[in-house]
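Working notes for the structure below.
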Amino acid sequence: MSSAVAIPPPNSSSLQGQKPKLTVRVRALLTAMNLHFAGVAALSVIVLYLLIHMVFVWRQLSARDTNALFQQTVAMRTAQIAAQPLRGLDAKLVKSTEDADTFYATRLPYGYSEVAAELGVLTKKAGVHLGQVHYPQGPVPGIPALTEVRMDAIIAGDYRPIVQFINAIERDKRFFVITGINLTGQQTGQVNLRLRMTTYLRDPNAVEMNIESALPDTAAPKSALSPAPQSNPKQGGKR
């Protein structure tokens, strides 16, 4: 005959006896000190989060500040380079004005007589013959103090003296610009040169006005108002 082990039912009186113990333990955990520690822990977590967020924001601001500083440095350097040619501009303007005045006074003639005299000296020095010269003139746009003179001259002589005369014109102290050359003849014989040049007449100063007024009226070339002869294309081309 087997015997069965009977499991006793849970004792309701034991569960009721444990309730006061749990309540006491919960009340012990919820003391003021424990609540204080919990609040400190929560505040620590919040502060840590704010610190991490502040570090992240600071890094972003630092990157932006570095980029802005670099851009400002580049802009300042660009402005310095752009302003470099403007430094000392007042002194440069004064120097440019003085150079222009010197050029006008030393290289530009003030009258037809001076131009004709200079051409006569150059042709005589080169050993060539100066033929007819026409002096048509016109205004210079924007510079009323200057008058453009376009000379059309006929030069005759040997080839080598003709070349020397052209070099002398280009190197002369007076400002002559050669605009056209027509040369006919042989390199070893007599040649004819039709030379077109341009110069500019300036206003004379007081001394030059007295000199010009003392000269006869024939000092100014009569051919100044005559039209320049037409070139013959069969005579040769420009050099």
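We label chains A, B, ... in the order they appear in the structure tokens, count residues from 1 in each chain, and number ligands from 1 in the order shown.
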(message) Please extract the residues of stretch 39-163 of chain A with a backbone DSSP assignment of alpha helix (DSSP H) and present them as a PyMOL selection string.
(response) chain A and resi 39-83+89-107+112-126+159-163
(request) Please identify all polymer residues within 7 Å of stretch 116-133 of chain A, counting only C-alpha atoms, omitting same-chain residues fewer than 3 positions from it, and present them as a VMD selection string. (result) chain A and resid 112 to 113 151 to 157 161 to 162 164 to 165 168
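Between atom CA of A:Pro141 and atom CA of A:Asp101 lies a distance of 18.8 Å.
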Please provide as a PDB file with N, CA and C atoms, in the first residue's frame all residues within 8 Å of stretch 192-204 of chain A, with the sequence filter that same-chain residues fewer than 6 positions apart are discarded (counting only C-alpha atoms).
```
ATOM      1  N   TYR A 104      56.119 117.311 -73.450  1.00  0.00           N
ATOM      2  CA  TYR A 104      55.534 118.360 -74.280  1.00  0.00           C
ATOM      3  C   TYR A 104      56.569 119.427 -74.620  1.00  0.00           C
ATOM      4  N   LEU A 108      57.793 117.960 -78.404  1.00  0.00           N
ATOM      5  CA  LEU A 108      56.741 118.417 -79.311  1.00  0.00           C
ATOM      6  C   LEU A 108      57.071 119.824 -79.813  1.00  0.00           C
ATOM      7  N   PRO A 109      57.011 120.038 -81.130  1.00  0.00           N
ATOM      8  CA  PRO A 109      57.242 121.388 -81.656  1.00  0.00           C
ATOM      9  C   PRO A 109      56.051 122.291 -81.375  1.00  0.00           C
ATOM     10  N   TYR A 110      56.289 123.603 -81.465  1.00  0.00           N
ATOM     11  CA  TYR A 110      55.214 124.563 -81.220  1.00  0.00           C
ATOM     12  C   TYR A 110      54.755 125.283 -82.480  1.00  0.00           C
ATOM     13  N   GLY A 111      55.469 125.076 -83.609  1.00  0.00           N
ATOM     14  CA  GLY A 111      55.079 125.755 -84.837  1.00  0.00           C
ATOM     15  C   GLY A 111      55.605 125.039 -86.063  1.00  0.00           C
ATOM     16  N   ALA A 145      44.713 121.301 -76.560  1.00  0.00           N
ATOM     17  CA  ALA A 145      45.993 122.012 -76.579  1.00  0.00           C
ATOM     18  C   ALA A 145      46.936 121.489 -77.654  1.00  0.00           C
ATOM     19  N   LEU A 146      46.591 120.382 -78.318  1.00  0.00           N
ATOM     20  CA  LEU A 146      47.454 119.806 -79.347  1.00  0.00           C
ATOM     21  C   LEU A 146      46.776 119.868 -80.705  1.00  0.00           C
ATOM     22  N   THR A 147      47.611 119.961 -81.722  1.00  0.00           N
ATOM     23  CA  THR A 147      47.150 119.934 -83.120  1.00  0.00           C
ATOM     24  C   THR A 147      47.928 118.851 -83.857  1.00  0.00           C
ATOM     25  N   GLU A 148      47.224 117.949 -84.480  1.00  0.00           N
ATOM     26  CA  GLU A 148      47.880 116.877 -85.232  1.00  0.00           C
ATOM     27  C   GLU A 148      48.304 117.387 -86.598  1.00  0.00           C
ATOM     28  N   VAL A 149      49.548 117.130 -86.960  1.00  0.00           N
ATOM     29  CA  VAL A 149      50.098 117.535 -88.253  1.00  0.00           C
ATOM     30  C   VAL A 149      50.543 116.271 -88.979  1.00  0.00           C
ATOM     31  N   ARG A 150      49.950 116.012 -90.134  1.00  0.00           N
ATOM     32  CA  ARG A 150      50.294 114.848 -90.947  1.00  0.00           C
ATOM     33  C   ARG A 150      51.120 115.321 -92.130  1.00  0.00           C
ATOM     34  N   MET A 151      52.387 114.961 -92.124  1.00  0.00           N
ATOM     35  CA  MET A 151      53.325 115.418 -93.167  1.00  0.00           C
ATOM     36  C   MET A 151      53.424 114.389 -94.284  1.00  0.00           C
ATOM     37  N   ASP A 152      53.491 114.892 -95.494  1.00  0.00           N
ATOM     38  CA  ASP A 152      53.679 114.062 -96.682  1.00  0.00           C
ATOM     39  C   ASP A 152      54.838 114.658 -97.456  1.00  0.00           C
ATOM     40  N   ALA A 153      56.008 114.002 -97.384  1.00  0.00           N
ATOM     41  CA  ALA A 153      57.252 114.574 -97.929  1.00  0.00           C
ATOM     42  C   ALA A 153      57.824 113.671 -99.015  1.00  0.00           C
ATOM     43  N   ILE A 154      58.523 114.298 -99.937  1.00  0.00           N
ATOM     44  CA  ILE A 154      59.251 113.600-101.003  1.00  0.00           C
ATOM     45  C   ILE A 154      60.736 113.787-100.725  1.00  0.00           C
ATOM     46  N   ILE A 155      61.453 112.657-100.599  1.00  0.00           N
ATOM     47  CA  ILE A 155      62.890 112.655-100.317  1.00  0.00           C
ATOM     48  C   ILE A 155      63.587 111.948-101.473  1.00  0.00           C
ATOM     49  N   ALA A 156      64.703 112.527-101.944  1.00  0.00           N
ATOM     50  CA  ALA A 156      65.481 111.927-103.030  1.00  0.00           C
ATOM     51  C   ALA A 156      66.925 111.778-102.574  1.00  0.00           C
ATOM     52  N   GLY A 157      67.563 110.673-102.982  1.00  0.00           N
ATOM     53  CA  GLY A 157      68.953 110.438-102.622  1.00  0.00           C
ATOM     54  C   GLY A 157      69.337 108.995-102.864  1.00  0.00           C
ATOM     55  N   ILE A 162      69.236 107.421 -97.670  1.00  0.00           N
ATOM     56  CA  ILE A 162      67.788 107.401 -97.409  1.00  0.00           C
ATOM     57  C   ILE A 162      67.492 106.593 -96.143  1.00  0.00           C
ATOM     58  N   PHE A 175      59.278 114.622 -81.795  1.00  0.00           N
ATOM     59  CA  PHE A 175      58.396 113.462 -81.848  1.00  0.00           C
ATOM     60  C   PHE A 175      57.817 113.338 -83.245  1.00  0.00           C
ATOM     61  N   PHE A 176      58.382 112.404 -84.036  1.00  0.00           N
ATOM     62  CA  PHE A 176      57.885 112.098 -85.374  1.00  0.00           C
ATOM     63  C   PHE A 176      57.488 110.627 -85.414  1.00  0.00           C
ATOM     64  N   VAL A 177      56.288 110.367 -85.909  1.00  0.00           N
ATOM     65  CA  VAL A 177      55.809 108.997 -86.064  1.00  0.00           C
ATOM     66  C   VAL A 177      55.657 108.714 -87.552  1.00  0.00           C
ATOM     67  N   ILE A 178      56.428 107.759 -88.053  1.00  0.00           N
ATOM     68  CA  ILE A 178      56.355 107.380 -89.471  1.00  0.00           C
ATOM     69  C   ILE A 178      55.128 106.486 -89.660  1.00  0.00           C
ATOM     70  N   THR A 179      54.247 106.912 -90.555  1.00  0.00           N
ATOM     71  CA  THR A 179      53.008 106.162 -90.791  1.00  0.00           C
ATOM     72  C   THR A 179      52.975 105.475 -92.153  1.00  0.00           C
ATOM     73  N   GLY A 180      53.885 105.833 -93.063  1.00  0.00           N
ATOM     74  CA  GLY A 180      53.883 105.201 -94.378  1.00  0.00           C
ATOM     75  C   GLY A 180      55.152 105.509 -95.141  1.00  0.00           C
ATOM     76  N   ILE A 181      55.631 104.529 -95.906  1.00  0.00           N
ATOM     77  CA  ILE A 181      56.853 104.680 -96.706  1.00  0.00           C
ATOM     78  C   ILE A 181      56.603 104.056 -98.067  1.00  0.00           C
ATOM     79  N   ASN A 182      56.854 104.818 -99.109  1.00  0.00           N
ATOM     80  CA  ASN A 182      56.855 104.308-100.485  1.00  0.00           C
ATOM     81  C   ASN A 182      58.225 104.607-101.084  1.00  0.00           C
ATOM     82  N   LEU A 183      58.946 103.550-101.450  1.00  0.00           N
ATOM     83  CA  LEU A 183      60.316 103.687-101.944  1.00  0.00           C
ATOM     84  C   LEU A 183      60.379 103.159-103.371  1.00  0.00           C
ATOM     85  N   THR A 184      60.904 103.972-104.301  1.00  0.00           N
ATOM     86  CA  THR A 184      61.064 103.567-105.700  1.00  0.00           C
ATOM     87  C   THR A 184      62.514 103.752-106.094  1.00  0.00           C
ATOM     88  N   GLY A 185      63.039 102.817-106.870  1.00  0.00           N
ATOM     89  CA  GLY A 185      64.423 102.889-107.315  1.00  0.00           C
ATOM     90  C   GLY A 185      65.159 101.614-106.958  1.00  0.00           C
TER      91      GLY A 185
END
```
